[in-house]
Amino acid sequence: MSHPFKTFSSADATSVESTCQDHGLTREEFQQLHKRCVAAKSTAYCPYSQFRVGSALVSATGNGVYFSGANVENASYPVGTCAERVAFGKAVTEGHRKIKAVAVATDISPPASPCGMCRQFIREFCDPTAPIIMFDKDDNYTVVRLEELLPLSFGPEALPPPGSRSS
């Protein structure tokens, strides 16, 4: 199945440099996101689907703080958790609520995108312009902004501030 987004080789320095410039990432951040999401994929617990997913995030703090996660399935299928939500849960519980970029790796080609539930979850902690980098089984990648994956999104700014409602 093809998708409308262009795919690049992560081994092509020119493509990586262009991606970094277009999305406000350093080369080191791109390389770390790639390395960490691929490594996280190897920790997936997916005995039912056999579909491994790894995710990595870089905090917007600018201090080079990364979080990774893998999908964790359960015999009661709806109880499983996607890799992206595992990584975000780790980030949020360690005090990082603004994420600069998200990377996802799978064992298929072309690259797979985050599911709908994860897209909404990502929206809670990322600016709509945040890059979502998706790597395939051959380390080729597609990169899009969150707002392209989740147009007309609903985010926390749409809600009234806590405590502002009158009873």
# chains A, B, ... in the order shown; residues from 1 in each chain; ligands from 1
$ select_by_dssp --residues "segment 16-158 of chain A" --states "strand (DSSP E)" --output "MDAnalysis selection string"
chainID A and resid 53:59 66:70 99:106 131:135 140:145
$ residues_around --residues "segment 89-94 of chain A" --least-positions-apart "4" --cutoff "8 Å" --atoms "only C-alpha atoms" --output "number ranges by chain"
A: 59, 67-68, 85
$ residues_around --residues "Pro151 of chain A" --least-positions-apart "4" --cutoff "12 Å" --atoms "only C-alpha atoms" --output "PyMOL selection string"
chain A and resi 116+119-120+123+128-129+144-147+155
$ write_last_selection --atoms "N, CA and C atoms" --output "compact mmCIF listing (two decimals), in the first residue's frame"
# COMPACT_ATOMS: atom_id res chain seq x y z
N GLY A 116 -4.83 6.39 14.93
CA GLY A 116 -5.64 7.56 15.25
C GLY A 116 -5.61 7.94 16.72
N ARG A 119 -2.33 9.55 17.45
CA ARG A 119 -2.26 10.90 16.87
C ARG A 119 -2.88 11.91 17.83
N GLN A 120 -4.03 11.57 18.39
CA GLN A 120 -4.68 12.47 19.34
C GLN A 120 -3.87 12.59 20.61
N ARG A 123 -0.99 14.85 20.07
CA ARG A 123 -1.44 16.25 19.98
C ARG A 123 -1.48 16.93 21.33
N PRO A 128 1.22 21.37 16.74
CA PRO A 128 0.78 20.79 15.47
C PRO A 128 1.86 20.76 14.39
N THR A 129 2.87 21.60 14.52
CA THR A 129 3.94 21.62 13.51
C THR A 129 5.07 20.62 13.82
N VAL A 144 6.33 13.89 8.31
CA VAL A 144 5.22 14.83 8.14
C VAL A 144 5.02 15.58 9.46
N ARG A 145 4.37 16.68 9.36
CA ARG A 145 4.02 17.42 10.58
C ARG A 145 2.75 16.82 11.17
N LEU A 146 2.63 16.90 12.47
CA LEU A 146 1.45 16.35 13.15
C LEU A 146 0.16 16.87 12.53
N GLU A 147 0.12 18.15 12.17
CA GLU A 147 -1.09 18.72 11.60
C GLU A 147 -1.48 18.08 10.27
N GLY A 155 -7.05 20.21 20.63
CA GLY A 155 -5.95 20.20 21.58
C GLY A 155 -6.33 20.84 22.90
$ atom_distance --atom1 "atom CA of Thr81 of chain A" --atom2 "atom CA of Phe135 of chain A"
19.5 Å
$ closest_atom_pairs --of "segment 132-152 of chain A" --to "segment 11-20 of chain A" --cutoff "9 Å" --atoms "only C-alpha atoms" --output "CSV"
residue,atom,partner,partner_atom,distance
A:Asp139,CA,A:Ala11,CA,8.0
A:Asn140,CA,A:Ala11,CA,8.1
A:Val143,CA,A:Thr19,CA,7.7
$ select_by_dssp --residues "segment 6-54 of chain A" --states "alpha helix (DSSP H)" --output "list in words"
Ala13, Thr14, Ser15, Val16, Glu17, Ser18, Thr19, Cys20, Gln21, Asp22, His23, Arg27, Glu28, Glu29, Phe30, Gln31, Gln32, Leu33, His34, Lys35, Arg36, Cys37, Val38, Ala39, Ala40 and Lys41 of chain A
$ closest_residue --among "A:Val58, A:Ala158, A:Met134, A:Cys46" --to "Thr106 of chain A" --atoms "only C-alpha atoms"
A:Met134
$ residues_around --residues "Phe51 of chain A" --least-positions-apart "3" --cutoff "9 Å" --atoms "only C-alpha atoms" --output "JSON, numbers by chain"
{"A": [44, 46, 47, 48, 71, 106, 107, 108]}
$ write_last_selection --atoms "N, CA, C and O atoms" --output "PDB file, in the first residue's frame"
ATOM      1  N   ALA A  44       9.474  -4.775  21.945  1.00  0.00           N
ATOM      2  CA  ALA A  44       8.016  -4.898  21.849  1.00  0.00           C
ATOM      3  C   ALA A  44       7.541  -6.248  22.380  1.00  0.00           C
ATOM      4  O   ALA A  44       8.187  -7.276  22.184  1.00  0.00           O
ATOM      5  N   CYS A  46       4.617  -8.393  21.563  1.00  0.00           N
ATOM      6  CA  CYS A  46       3.511  -8.496  20.592  1.00  0.00           C
ATOM      7  C   CYS A  46       3.291  -9.947  20.156  1.00  0.00           C
ATOM      8  O   CYS A  46       3.388 -10.267  18.972  1.00  0.00           O
ATOM      9  N   PRO A  47       2.982 -10.836  21.118  1.00  0.00           N
ATOM     10  CA  PRO A  47       2.809 -12.243  20.775  1.00  0.00           C
ATOM     11  C   PRO A  47       1.572 -12.530  19.927  1.00  0.00           C
ATOM     12  O   PRO A  47       1.487 -13.591  19.309  1.00  0.00           O
ATOM     13  N   TYR A  48       0.634 -11.605  19.853  1.00  0.00           N
ATOM     14  CA  TYR A  48      -0.614 -11.855  19.133  1.00  0.00           C
ATOM     15  C   TYR A  48      -0.563 -11.318  17.702  1.00  0.00           C
ATOM     16  O   TYR A  48      -0.876 -12.029  16.759  1.00  0.00           O
ATOM     17  N   ASN A  71       5.370  -1.203  21.668  1.00  0.00           N
ATOM     18  CA  ASN A  71       3.999  -1.659  21.874  1.00  0.00           C
ATOM     19  C   ASN A  71       3.981  -2.842  22.849  1.00  0.00           C
ATOM     20  O   ASN A  71       4.889  -3.669  22.871  1.00  0.00           O
ATOM     21  N   THR A 106       8.843   0.449  12.361  1.00  0.00           N
ATOM     22  CA  THR A 106       8.122  -0.816  12.231  1.00  0.00           C
ATOM     23  C   THR A 106       8.904  -1.751  11.313  1.00  0.00           C
ATOM     24  O   THR A 106       9.935  -1.370  10.758  1.00  0.00           O
ATOM     25  N   ASP A 107       8.396  -2.954  11.147  1.00  0.00           N
ATOM     26  CA  ASP A 107       9.041  -3.964  10.303  1.00  0.00           C
ATOM     27  C   ASP A 107       8.399  -4.076   8.924  1.00  0.00           C
ATOM     28  O   ASP A 107       8.513  -5.111   8.274  1.00  0.00           O
ATOM     29  N   ILE A 108       7.693  -3.046   8.490  1.00  0.00           N
ATOM     30  CA  ILE A 108       7.048  -3.089   7.178  1.00  0.00           C
ATOM     31  C   ILE A 108       7.555  -1.944   6.305  1.00  0.00           C
ATOM     32  O   ILE A 108       8.255  -1.048   6.771  1.00  0.00           O
TER      33      ILE A 108
END
$ closest_residue --among "A:Pro4, A:Pro161, A:Gly54, A:Pro78" --to "Asp136 of chain A" --atoms "only C-alpha atoms"
A:Gly54
$ atom_distance --atom1 "atom CA of Gly24 of chain A" --atom2 "atom CA of Ser109 of chain A"
25.9 Å
$ atom_distance --atom1 "atom CA of Ser9 of chain A" --atom2 "atom CA of Thr43 of chain A"
24.0 Å
$ residues_around --residues "Ala70 of chain A" --least-positions-apart "3" --cutoff "7 Å" --atoms "only C-alpha atoms" --output "PyMOL selection string"
chain A and resi 40-41+43-44+53-55+82-83+86
